[in-house]
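As stored in input_32.cif (mmCIF, C-alpha atoms and all ligand atoms):
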data_query
#
loop_
_atom_site.label_atom_id
_atom_site.label_comp_id
_atom_site.auth_asym_id
_atom_site.auth_seq_id
_atom_site.Cartn_x
_atom_site.Cartn_y
_atom_site.Cartn_z
CA MET A 17 -10.99 -30.84 9.43
CA TYR A 18 -13.11 -27.70 8.95
CA ARG A 19 -16.16 -29.95 8.63
CA LEU A 20 -15.64 -30.83 12.30
CA LEU A 21 -14.68 -27.32 13.43
CA LYS A 22 -17.41 -25.38 11.64
CA PRO A 23 -20.40 -26.56 13.75
CA LEU A 24 -18.49 -25.56 16.90
CA LEU A 25 -17.52 -22.15 15.52
CA PHE A 26 -21.05 -21.56 14.22
CA ARG A 27 -22.40 -22.19 17.72
CA LEU A 28 -20.43 -19.16 18.94
CA ASP A 29 -21.43 -15.55 18.37
CA ALA A 30 -20.11 -14.65 14.89
CA GLU A 31 -17.66 -12.03 16.15
CA ASP A 32 -16.38 -14.24 18.99
CA ALA A 33 -15.70 -16.97 16.42
CA HIS A 34 -13.88 -14.40 14.28
CA HIS A 35 -11.64 -13.25 17.18
CA LEU A 36 -10.89 -16.86 18.14
CA THR A 37 -9.84 -17.68 14.57
CA ILE A 38 -7.68 -14.56 14.19
CA SER A 39 -6.02 -15.26 17.57
CA ALA A 40 -5.19 -18.81 16.45
CA LEU A 41 -3.79 -17.54 13.15
CA HIS A 42 -1.86 -14.83 15.03
CA LEU A 43 -0.26 -17.50 17.23
CA ALA A 44 0.47 -19.67 14.19
CA SER A 45 2.12 -16.65 12.53
CA ARG A 46 4.52 -16.36 15.45
CA VAL A 47 5.75 -19.95 15.47
CA PRO A 48 9.19 -19.64 13.89
CA ALA A 49 9.47 -21.30 10.49
CA TRP A 50 5.91 -22.74 10.56
CA PRO A 51 4.20 -20.34 8.15
CA GLY A 52 7.13 -20.60 5.75
CA ALA A 53 7.04 -24.41 5.84
CA ALA A 54 3.26 -24.47 5.33
CA ARG A 55 3.55 -22.00 2.46
CA THR A 56 5.93 -24.37 0.65
CA LEU A 57 3.17 -27.00 0.77
CA THR A 58 0.31 -24.72 -0.27
CA ALA A 59 2.11 -22.18 -2.47
CA PRO A 60 0.49 -21.94 -5.87
CA SER A 61 3.02 -23.50 -8.20
CA ASP A 62 1.22 -23.58 -11.57
CA PRO A 63 2.89 -20.91 -13.74
CA ARG A 64 -0.53 -20.35 -15.37
CA LEU A 65 -1.70 -18.72 -12.14
CA SER A 66 1.26 -16.35 -11.91
CA GLN A 67 1.04 -12.73 -13.04
CA SER A 68 3.26 -9.69 -12.95
CA LEU A 69 1.27 -6.52 -12.15
CA TRP A 70 2.71 -3.13 -11.17
CA GLY A 71 6.15 -4.77 -11.26
CA GLN A 72 5.13 -7.25 -8.54
CA THR A 73 4.69 -11.01 -8.80
CA PHE A 74 1.38 -12.61 -7.85
CA ALA A 75 1.83 -16.40 -7.62
CA SER A 76 -1.97 -16.75 -7.57
CA PRO A 77 -4.77 -14.37 -8.55
CA VAL A 78 -6.64 -15.28 -5.33
CA GLY A 79 -6.21 -12.80 -2.48
CA LEU A 80 -7.64 -12.20 0.98
CA ALA A 81 -10.24 -9.40 1.00
CA ALA A 82 -10.07 -6.50 3.45
CA GLY A 83 -11.67 -6.68 6.87
CA LEU A 84 -10.65 -10.16 8.04
CA ASP A 85 -7.15 -9.24 9.25
CA LYS A 86 -7.81 -5.56 9.96
CA ASN A 87 -4.70 -5.14 12.11
CA GLY A 88 -2.29 -7.28 10.09
CA VAL A 89 -1.60 -9.71 12.95
CA ALA A 90 -1.83 -12.96 10.97
CA VAL A 91 -0.34 -12.18 7.57
CA PRO A 92 2.17 -15.09 7.51
CA ALA A 93 -0.58 -17.58 8.45
CA PHE A 94 -2.85 -16.28 5.69
CA ALA A 95 0.05 -16.54 3.23
CA ALA A 96 0.48 -20.14 4.40
CA LEU A 97 -3.05 -20.91 3.19
CA GLY A 98 -1.93 -20.25 -0.39
CA PHE A 99 -3.14 -16.69 -1.04
CA GLY A 100 -1.45 -14.79 -3.85
CA PHE A 101 -1.79 -11.51 -1.92
CA ILE A 102 -3.24 -10.31 1.36
CA GLU A 103 -5.22 -7.12 1.94
CA VAL A 104 -5.16 -5.85 5.54
CA GLY A 105 -7.27 -3.05 7.07
CA THR A 106 -9.39 -1.05 6.75
CA VAL A 107 -7.03 0.98 8.89
CA THR A 108 -7.74 4.53 10.07
CA PRO A 109 -5.12 7.03 11.34
CA LEU A 110 -6.27 6.63 14.96
CA ALA A 111 -7.47 3.47 16.68
CA GLN A 112 -11.26 3.30 17.03
CA ALA A 113 -13.71 0.85 18.62
CA GLY A 114 -16.25 0.64 15.79
CA ASN A 115 -19.97 0.21 16.31
CA ASP A 116 -21.62 -1.45 19.30
CA ARG A 117 -21.91 -5.24 19.32
CA PRO A 118 -23.59 -7.31 18.03
CA ARG A 119 -22.41 -6.10 14.63
CA LEU A 120 -21.65 -9.28 12.67
CA PHE A 121 -24.38 -11.75 11.67
CA ARG A 122 -24.47 -15.05 9.82
CA LEU A 123 -27.27 -15.89 7.39
CA PRO A 124 -26.56 -19.60 6.83
CA SER A 125 -29.64 -20.26 4.71
CA ASP A 126 -28.46 -17.51 2.33
CA THR A 127 -24.74 -18.41 2.68
CA ALA A 128 -24.16 -14.77 3.56
CA LEU A 129 -22.97 -12.38 6.26
CA ILE A 130 -24.17 -8.96 7.34
CA ASN A 131 -21.73 -6.69 9.13
CA ARG A 132 -21.81 -3.19 10.55
CA MET A 133 -18.37 -3.31 12.19
CA GLY A 134 -17.63 0.39 11.52
CA PHE A 135 -13.85 0.21 10.97
CA ASN A 136 -12.91 -1.19 14.37
CA ASN A 137 -9.11 -1.21 14.21
CA ALA A 138 -5.98 -0.58 16.23
CA GLY A 139 -4.87 2.41 14.13
CA ALA A 140 -2.11 3.05 11.60
CA ALA A 141 0.83 2.97 14.05
CA ALA A 142 -0.15 -0.46 15.40
CA LEU A 143 -0.64 -1.87 11.91
CA HIS A 144 2.79 -0.55 10.97
CA THR A 145 4.36 -2.27 13.99
CA HIS A 146 2.68 -5.59 13.13
CA LEU A 147 3.64 -5.54 9.44
CA LYS A 148 7.19 -4.41 10.18
CA ALA A 149 7.63 -7.35 12.56
CA THR A 150 6.64 -10.03 10.04
CA GLY A 151 7.79 -10.86 6.57
CA CYS A 152 5.35 -12.11 3.98
CA PRO A 153 6.08 -14.18 0.87
CA ALA A 154 3.14 -12.52 -0.96
CA PRO A 155 2.28 -8.85 -1.61
CA VAL A 156 0.56 -7.13 1.32
CA TRP A 157 -2.02 -4.46 0.46
CA VAL A 158 -3.16 -1.85 2.94
CA ASN A 159 -6.79 -0.71 2.81
CA ILE A 160 -7.11 2.83 4.18
CA GLY A 161 -10.08 4.81 5.48
CA LYS A 162 -11.03 7.76 7.62
CA ASN A 163 -11.83 7.92 11.32
CA LYS A 164 -15.54 8.14 12.13
CA LEU A 165 -15.12 11.50 13.87
CA THR A 166 -13.27 13.10 10.94
CA PRO A 167 -15.74 15.21 8.93
CA ASN A 168 -15.89 14.46 5.19
CA ASP A 169 -14.39 17.89 4.46
CA ASP A 170 -11.18 16.75 6.19
CA ALA A 171 -11.30 13.14 4.98
CA VAL A 172 -8.44 13.53 2.51
CA GLN A 173 -6.04 14.28 5.38
CA ASP A 174 -6.91 10.96 7.07
CA TYR A 175 -6.08 8.99 3.90
CA LEU A 176 -2.78 10.91 3.56
CA LYS A 177 -1.89 10.20 7.20
CA CYS A 178 -2.35 6.48 6.53
CA VAL A 179 -0.09 6.69 3.46
CA ARG A 180 2.66 8.48 5.45
CA ALA A 181 2.44 5.99 8.30
CA LEU A 182 2.37 2.83 6.19
CA GLN A 183 4.06 3.29 2.81
CA ASP A 184 7.26 1.52 3.85
CA VAL A 185 5.29 -1.69 4.56
CA ALA A 186 2.62 -1.49 1.82
CA ASP A 187 2.84 -3.20 -1.57
CA ALA A 188 -0.37 -1.36 -2.56
CA PHE A 189 -2.85 1.06 -1.03
CA VAL A 190 -6.59 0.61 -1.38
CA ILE A 191 -8.71 3.72 -0.92
CA ASN A 192 -11.89 2.57 0.77
CA VAL A 193 -14.78 4.91 0.00
CA SER A 194 -17.37 2.16 -0.09
CA SER A 195 -17.99 0.81 3.40
CA PRO A 196 -21.67 1.35 4.27
CA ASN A 197 -20.87 1.46 8.00
CA THR A 198 -19.09 4.81 8.36
CA PRO A 199 -21.66 7.60 8.05
CA GLY A 200 -21.09 9.68 4.90
CA LEU A 201 -18.14 7.62 3.61
CA ARG A 202 -19.87 6.52 0.41
CA ALA A 203 -20.46 10.18 -0.51
CA LEU A 204 -16.71 10.30 -1.27
CA GLN A 205 -17.43 8.11 -4.31
CA ALA A 206 -18.99 11.11 -6.10
CA ALA A 207 -16.83 11.81 -9.13
CA ASP A 208 -15.37 15.23 -8.22
CA ASP A 209 -14.54 14.30 -4.62
CA LEU A 210 -13.16 10.93 -5.67
CA ARG A 211 -10.92 12.40 -8.39
CA ALA A 212 -9.49 14.90 -5.92
CA LEU A 213 -8.98 12.21 -3.25
CA VAL A 214 -7.24 9.83 -5.65
CA GLN A 215 -5.02 12.63 -6.98
CA ALA A 216 -4.03 13.63 -3.44
CA VAL A 217 -3.20 10.05 -2.43
CA VAL A 218 -1.22 9.40 -5.63
CA GLN A 219 0.74 12.63 -5.06
CA GLU A 220 1.47 11.67 -1.45
CA VAL A 221 2.71 8.24 -2.51
CA GLU A 222 5.02 9.98 -4.99
CA ALA A 223 6.21 12.37 -2.25
CA GLN A 224 6.99 9.43 0.08
CA ARG A 225 8.83 7.55 -2.62
CA VAL A 226 12.35 8.74 -1.80
CA ARG A 227 11.99 8.17 1.95
CA THR A 228 10.44 4.72 1.63
CA LEU A 229 12.12 3.52 -1.57
CA ARG A 230 8.68 2.26 -2.65
CA ARG A 231 5.96 3.43 -4.93
CA PRO A 232 2.96 1.21 -4.24
CA PRO A 233 0.05 1.43 -6.70
CA VAL A 234 -3.12 3.08 -5.46
CA LEU A 235 -6.38 1.17 -5.98
CA VAL A 236 -9.94 2.30 -5.27
CA LYS A 237 -12.65 0.04 -3.86
CA LEU A 238 -16.19 0.84 -4.96
CA ALA A 239 -19.65 -0.11 -3.67
CA PRO A 240 -22.06 -2.31 -5.63
CA ASP A 241 -24.96 0.04 -4.92
CA LEU A 242 -24.14 2.95 -7.22
CA HIS A 243 -26.57 3.85 -10.00
CA PRO A 244 -24.98 2.71 -13.32
CA ASP A 245 -24.42 6.36 -14.41
CA ASP A 246 -22.75 7.19 -11.09
CA PHE A 247 -20.68 3.99 -11.26
CA GLY A 248 -19.42 5.08 -14.70
CA ALA A 249 -18.61 8.57 -13.42
CA SER A 250 -16.75 7.12 -10.41
CA VAL A 251 -14.74 4.75 -12.60
CA ASN A 252 -13.75 7.68 -14.85
CA ALA A 253 -12.76 9.70 -11.79
CA VAL A 254 -10.56 6.80 -10.64
CA LEU A 255 -8.81 6.81 -14.04
CA GLU A 256 -8.49 10.61 -14.18
CA GLY A 257 -7.14 10.70 -10.62
CA GLY A 258 -4.28 8.42 -11.68
CA ALA A 259 -5.19 5.28 -9.70
CA GLY A 260 -3.44 2.04 -10.60
CA GLY A 261 -6.40 -0.28 -10.12
CA LEU A 262 -10.01 -0.78 -9.16
CA ILE A 263 -11.66 -3.18 -6.71
CA VAL A 264 -15.31 -4.13 -7.20
CA SER A 265 -16.99 -4.57 -4.91
CA ASN A 266 -17.59 -3.87 -1.27
CA THR A 267 -20.68 -5.16 0.58
CA THR A 268 -24.21 -4.24 -0.52
CA LEU A 269 -27.13 -2.60 1.25
CA SER A 270 -29.56 -4.63 -0.87
CA ARG A 271 -31.58 -7.37 0.84
CA GLU A 272 -33.06 -8.85 -2.33
CA GLY A 273 -33.99 -12.52 -2.23
CA LEU A 274 -32.85 -13.26 1.34
CA GLN A 275 -34.53 -15.93 3.48
CA HIS A 276 -32.82 -15.71 6.85
CA PRO A 277 -34.34 -13.61 9.68
CA ASN A 278 -30.99 -11.83 10.16
CA ALA A 279 -31.74 -10.06 6.85
CA ARG A 280 -33.43 -7.47 9.09
CA GLU A 281 -30.08 -6.39 10.54
CA SER A 282 -28.58 -3.20 9.16
CA GLY A 283 -25.12 -3.21 7.56
CA GLY A 284 -23.34 -4.53 4.49
CA LEU A 285 -24.31 -7.88 2.99
CA SER A 286 -21.64 -10.22 1.61
CA GLY A 287 -21.41 -13.80 0.37
CA LYS A 288 -23.50 -15.75 -2.16
CA PRO A 289 -26.14 -13.05 -2.78
CA LEU A 290 -23.33 -10.81 -4.10
CA THR A 291 -21.81 -13.27 -6.60
CA GLN A 292 -23.67 -12.25 -9.77
CA ARG A 293 -23.95 -8.59 -8.90
CA SER A 294 -20.20 -8.10 -8.38
CA THR A 295 -19.36 -10.08 -11.54
CA LYS A 296 -21.67 -7.79 -13.51
CA LEU A 297 -19.87 -4.78 -12.08
CA VAL A 298 -16.45 -6.23 -12.98
CA ARG A 299 -17.74 -6.55 -16.55
CA ALA A 300 -19.03 -2.96 -16.54
CA ALA A 301 -15.75 -1.68 -15.08
CA TYR A 302 -13.72 -3.61 -17.67
CA ARG A 303 -15.75 -2.10 -20.50
CA LEU A 304 -15.29 1.38 -19.06
CA THR A 305 -11.56 1.08 -18.37
CA ARG A 306 -10.77 -0.92 -21.53
CA GLY A 307 -7.90 -2.70 -19.80
CA GLN A 308 -6.11 0.52 -18.81
CA ILE A 309 -5.83 -0.58 -15.17
CA PRO A 310 -6.16 -3.99 -13.52
CA ILE A 311 -9.48 -4.82 -11.87
CA VAL A 312 -9.87 -6.90 -8.71
CA GLY A 313 -13.15 -8.85 -8.51
CA VAL A 314 -14.61 -9.55 -5.07
CA GLY A 315 -18.03 -10.63 -3.88
CA GLY A 316 -19.50 -14.08 -3.35
CA ILE A 317 -16.63 -16.20 -4.68
CA PHE A 318 -17.14 -19.72 -3.32
CA THR A 319 -15.94 -21.95 -6.16
CA PRO A 320 -13.22 -21.93 -8.83
CA GLN A 321 -16.03 -21.29 -11.35
CA ASP A 322 -17.05 -18.13 -9.45
CA ALA A 323 -13.47 -16.86 -9.52
CA TYR A 324 -13.06 -17.80 -13.18
CA ALA A 325 -16.28 -15.97 -14.13
CA LYS A 326 -14.88 -12.77 -12.60
CA ILE A 327 -11.57 -13.22 -14.44
CA ARG A 328 -13.34 -13.76 -17.77
CA ALA A 329 -15.51 -10.71 -17.06
CA GLY A 330 -12.35 -8.60 -16.73
CA ALA A 331 -10.64 -9.18 -13.36
CA ASN A 332 -6.89 -9.84 -13.17
CA LEU A 333 -7.16 -10.67 -9.49
CA VAL A 334 -9.96 -11.84 -7.18
CA GLU A 335 -10.50 -11.78 -3.42
CA VAL A 336 -12.51 -13.78 -0.89
CA TYR A 337 -13.91 -13.17 2.59
CA SER A 338 -17.32 -14.73 3.35
CA ALA A 339 -16.55 -18.06 1.68
CA LEU A 340 -13.65 -18.57 4.10
CA ILE A 341 -16.17 -18.50 6.96
CA TYR A 342 -18.48 -21.01 5.24
CA GLU A 343 -15.91 -23.24 3.52
CA GLY A 344 -12.84 -22.98 5.77
CA PRO A 345 -9.15 -22.43 5.05
CA GLY A 346 -8.88 -25.29 2.51
CA LEU A 347 -10.89 -23.06 0.16
CA VAL A 348 -7.80 -21.19 -1.03
CA ARG A 349 -6.05 -24.32 -2.28
CA ARG A 350 -9.26 -25.55 -3.89
CA LEU A 351 -9.65 -22.24 -5.73
CA ASN A 352 -6.04 -22.34 -6.93
CA THR A 353 -6.27 -25.94 -8.13
CA GLY A 354 -9.67 -25.45 -9.74
CA LEU A 355 -8.57 -22.28 -11.53
CA SER A 356 -5.51 -24.07 -12.94
CA GLU A 357 -7.79 -26.79 -14.30
CA LEU A 358 -10.26 -24.34 -15.83
CA LEU A 359 -7.48 -22.34 -17.53
CA ALA A 360 -5.94 -25.53 -18.90
CA ARG A 361 -9.34 -26.84 -20.07
CA ASP A 362 -9.97 -23.69 -22.08
CA GLY A 363 -6.46 -23.51 -23.52
CA PHE A 364 -5.31 -20.36 -21.68
CA SER A 365 -1.61 -20.32 -20.86
CA SER A 366 -2.05 -17.68 -18.15
CA VAL A 367 -4.66 -15.83 -16.10
CA ALA A 368 -3.78 -12.67 -18.03
CA ASP A 369 -4.82 -14.37 -21.30
CA ALA A 370 -8.27 -15.16 -19.87
CA VAL A 371 -8.99 -11.65 -18.54
CA GLY A 372 -12.02 -10.19 -20.30
CA GLN A 373 -12.39 -13.20 -22.65
CA GLU A 374 -16.11 -13.98 -22.47
C1 LIG A 401 -17.10 -8.81 8.64
C2 LIG A 401 -16.65 -8.07 7.43
C3 LIG A 401 -15.81 -6.98 7.58
C4 LIG A 401 -15.39 -6.27 6.44
N1 LIG A 401 -14.55 -5.21 6.61
C5 LIG A 401 -14.10 -4.54 5.52
C6 LIG A 401 -13.21 -3.46 5.67
O1 LIG A 401 -12.77 -3.13 6.77
N2 LIG A 401 -12.82 -2.80 4.54
C7 LIG A 401 -13.25 -3.16 3.29
O2 LIG A 401 -12.86 -2.53 2.30
N3 LIG A 401 -14.09 -4.20 3.11
C8 LIG A 401 -14.51 -4.90 4.21
N4 LIG A 401 -15.36 -5.96 4.03
C9 LIG A 401 -15.82 -6.30 2.67
C10 LIG A 401 -14.99 -7.42 2.04
O3 LIG A 401 -13.65 -7.03 1.87
C11 LIG A 401 -15.58 -7.81 0.66
O4 LIG A 401 -15.51 -6.69 -0.20
C12 LIG A 401 -17.04 -8.26 0.76
O5 LIG A 401 -17.26 -9.02 1.93
C13 LIG A 401 -17.49 -9.08 -0.46
O6 LIG A 401 -16.73 -10.26 -0.57
P1 LIG A 401 -17.26 -11.71 -0.04
O7 LIG A 401 -18.63 -11.90 -0.61
O8 LIG A 401 -16.23 -12.68 -0.52
O9 LIG A 401 -17.30 -11.61 1.45
C14 LIG A 401 -15.80 -6.67 5.15
C15 LIG A 401 -16.63 -7.80 5.01
C16 LIG A 401 -17.05 -8.49 6.13
C17 LIG A 401 -17.94 -9.70 5.95
#

Output the file's structure in the form of structure tokens.
Amino acid sequence: MYRLLKPLLFRLDAEDAHHLTISALHLASRVPAWPGAARTLTAPSDPRLSQSLWGQTFASPVGLAAGLDKNGVAVPAFAALGFGFIEVGTVTPLAQAGNDRPRLFRLPSDTALINRMGFNNAGAAALHTHLKATGCPAPVWVNIGKNKLTPNDDAVQDYLKCVRALQDVADAFVINVSSPNTPGLRALQAADDLRALVQAVVQEVEAQRVRTLRRPPVLVKLAPDLHPDDFGASVNAVLEGGAGGLIVSNTTLSREGLQHPNARESGGLSGKPLTQRSTKLVRAAYRLTRGQIPIVGVGGIFTPQDAYAKIRAGANLVEVYSALIYEGPGLVRRLNTGLSELLARDGFSSVADAVGQE
């Protein structure tokens, strides 16, 4: 089916194609009983794929990466594709338009995307309304950021506002300090600032615990462009700040090895060129954290082998974005089935047994 649809979608401007797809999934999410029925067909059923992390059940280690459903309008439809968890956002306290268009580019000959969206989103209150209105059979993570106009000195307050607004609908928070498209954001990855930010968010989650009857774990998403020493310092700051997990990685500013003319566009690069780089960073993060907190591997996962490599390098969970654009919605089921086969082939009885086993 996607083989027929893809040439039509690829003829549209990349962002128009994105909005069309999200609108269709939004509509599908609102058809009573449909997402639930579809989920029963696609739901990962192999117990090998299932994990319990932070007291929550993940039926599959394969999740949706942040940025595709920024406003949480299509969560049931994404769950129906077979995802084990869904990350929405990045959300900021106030709605903002993001950068001027065009700001999303395909690089088909590199199987990649470049984006400089700039956290276009409808704001925390709207995301709360959308998530409150829909149930989801899989954990829903909320990726939080700061508004463009908020100076870095006040950034912590923006993250705390997001926590207050969204904790009652979030199964986890992801602190995004790694988007290349909000000026100055990546500076928050510096160890001292990051430690303080993580501590503040963890404390706020604790403070909201009684009101919301929830205590979602706090994860931190890092960039792939840090110098190895700085990456190590940031990972330590994440641990010292009390975070419950780490996501590696966001998009890269590197343009190494690209063929397509759109490589000239500014913004974050995702897709195939990121596969090896992000797996290497998962491995580095696993060595540094020594299994103290779960790691989520993201970047250039197109095949079950790509996902499996990240798991064996140290990731408990993985996420996809760009491959969905190139491979279509059937990708999620193919990843689930392929991972089951790879785990069985190598004699692992669960994903958790394979984590870090290279
Ligand atoms: C168009 C686009 C928008 C994105 N928006 C966000 C975002 O809002 N927040 C975030 O943390 N990551 C965002 N990302 C990064 C992805 O979540 C992911 O980390 C990255 O694309 C690497 O994975 P992939 O190679 O599977 O795409 C975005 C990626 C793309 C392509």

Worksheet item: Within 7 Å of ligand LIG 401 (chain A), counting only C-alpha atoms and all ligand atoms, which protein or nucleic acid residues do you find, written as a PyMOL selection string?
Response: chain A and resi 81-84+86+105-106+120+129-131+133+135+159+192+194-195+237+265-267+286-288+290-291+314-317+335-339

Those same residues, written as a CSV table (one decimal), keeping the file's coordinate frame with C-alpha atoms?
chain,number,residue,atom,x,y,z
A,81,ALA,CA,-10.2,-9.4,1.0
A,82,ALA,CA,-10.1,-6.5,3.4
A,83,GLY,CA,-11.7,-6.7,6.9
A,84,LEU,CA,-10.6,-10.2,8.0
A,86,LYS,CA,-7.8,-5.6,10.0
A,105,GLY,CA,-7.3,-3.0,7.1
A,106,THR,CA,-9.4,-1.0,6.8
A,120,LEU,CA,-21.6,-9.3,12.7
A,129,LEU,CA,-23.0,-12.4,6.3
A,130,ILE,CA,-24.2,-9.0,7.3
A,131,ASN,CA,-21.7,-6.7,9.1
A,133,MET,CA,-18.4,-3.3,12.2
A,135,PHE,CA,-13.8,0.2,11.0
A,159,ASN,CA,-6.8,-0.7,2.8
A,192,ASN,CA,-11.9,2.6,0.8
A,194,SER,CA,-17.4,2.2,-0.1
A,195,SER,CA,-18.0,0.8,3.4
A,237,LYS,CA,-12.6,0.0,-3.9
A,265,SER,CA,-17.0,-4.6,-4.9
A,266,ASN,CA,-17.6,-3.9,-1.3
A,267,THR,CA,-20.7,-5.2,0.6
A,286,SER,CA,-21.6,-10.2,1.6
A,287,GLY,CA,-21.4,-13.8,0.4
A,288,LYS,CA,-23.5,-15.8,-2.2
A,290,LEU,CA,-23.3,-10.8,-4.1
A,291,THR,CA,-21.8,-13.3,-6.6
A,314,VAL,CA,-14.6,-9.6,-5.1
A,315,GLY,CA,-18.0,-10.6,-3.9
A,316,GLY,CA,-19.5,-14.1,-3.4
A,317,ILE,CA,-16.6,-16.2,-4.7
A,335,GLU,CA,-10.5,-11.8,-3.4
A,336,VAL,CA,-12.5,-13.8,-0.9
A,337,TYR,CA,-13.9,-13.2,2.6
A,338,SER,CA,-17.3,-14.7,3.4
A,339,ALA,CA,-16.6,-18.1,1.7

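For the set A:Lys326, A:Ile311, A:Thr319, A:Ala279, the residue with the smallest atom-to-atom gap to Pro124 (chain A) is A:Ala279, counting only C-alpha atoms.
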
Worksheet item: If we count only C-alpha atoms, what is near Pro153 (chain A) at a cut-off of 8 Å, once residues fewer than 2 positions away on the same chain are taken out, given as a ChimeraX atom specification?
Response: /A:92,95,151,155

Write a file of the just-selected residues containing C-alpha atoms, as a PDB file, in the frame of the given file.
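Saved file result.pdb follows:
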ATOM      1  CA  PRO A  92       2.170 -15.090   7.510  1.00  0.00           C
ATOM      2  CA  ALA A  95       0.050 -16.540   3.230  1.00  0.00           C
ATOM      3  CA  GLY A 151       7.790 -10.860   6.570  1.00  0.00           C
ATOM      4  CA  PRO A 155       2.280  -8.850  -1.610  1.00  0.00           C
TER       5      PRO A 155
END

Discussion item. So that I can check the surroundings of Ser45 (chain A), please list as a list in words every protein, DNA and RNA residue that reaches within 7 Å of it, counting all atoms listed in the file and ignoring chain neighbours fewer than 3 positions away.
Written reply: Leu41, His42, Pro51, Ala90, Pro92 and Ala93 of chain A

Discussion item. So, with only C-alpha atoms as the atoms that count, which of A:Val221, A:Leu143, A:Val78, A:Leu165 lies closest to Gly200 (chain A)?
Written reply: A:Leu165

Response to the item:
Across A:Gln373, A:Thr73, A:Gln67, A:Thr268, the smallest distance to Pro196 (chain A), with only C-alpha atoms counted, is shown by A:Thr268

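In terms of minimum interatomic distance to Leu69 (chain A), A:Val367 ranks closest within A:Val158, A:Leu285, A:Ile191, A:Val367, counting all atoms listed in the file.
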
Worksheet entry | Spatial neighbours of Thr198 (chain A), 10 Å, only C-alpha atoms, chain gap at least 6 places, as a ChimeraX atom specification | /A:114-115,132-135,161-165

Practice prompt. Rank nothing, just name the residue among A:Leu176, A:Ala128, A:Ala53, A:Ala154 nearest to Ile102 (chain A), using only C-alpha atoms.
Written response: A:Ala154

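The nearest approach to Asp170 (chain A) among the residues A:Asn137, A:Lys296, A:Leu201, A:Ala239, with all atoms listed in the file taken into account, belongs to A:Leu201.
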
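Between CA of Pro167 (chain A) and CA of Val217 (chain A) the interatomic distance comes to 17.7 Å.
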
Discussion item. Within 9 Å of (-15.3, 10.0, -11.0) (file coordinates; all atoms listed in the file), which protein or nucleic acid residues are there? I'd like them as a PyMOL selection string.
Written reply: chain A and resi 205-211+246-257

Worksheet item: Skipping near chain neighbours, those fewer than 4 positions away, what residues fall within 7 Å of Pro233 (chain A) using all atoms listed in the file, listed as a PyMOL selection string?
Response: chain A and resi 70+188-189+260
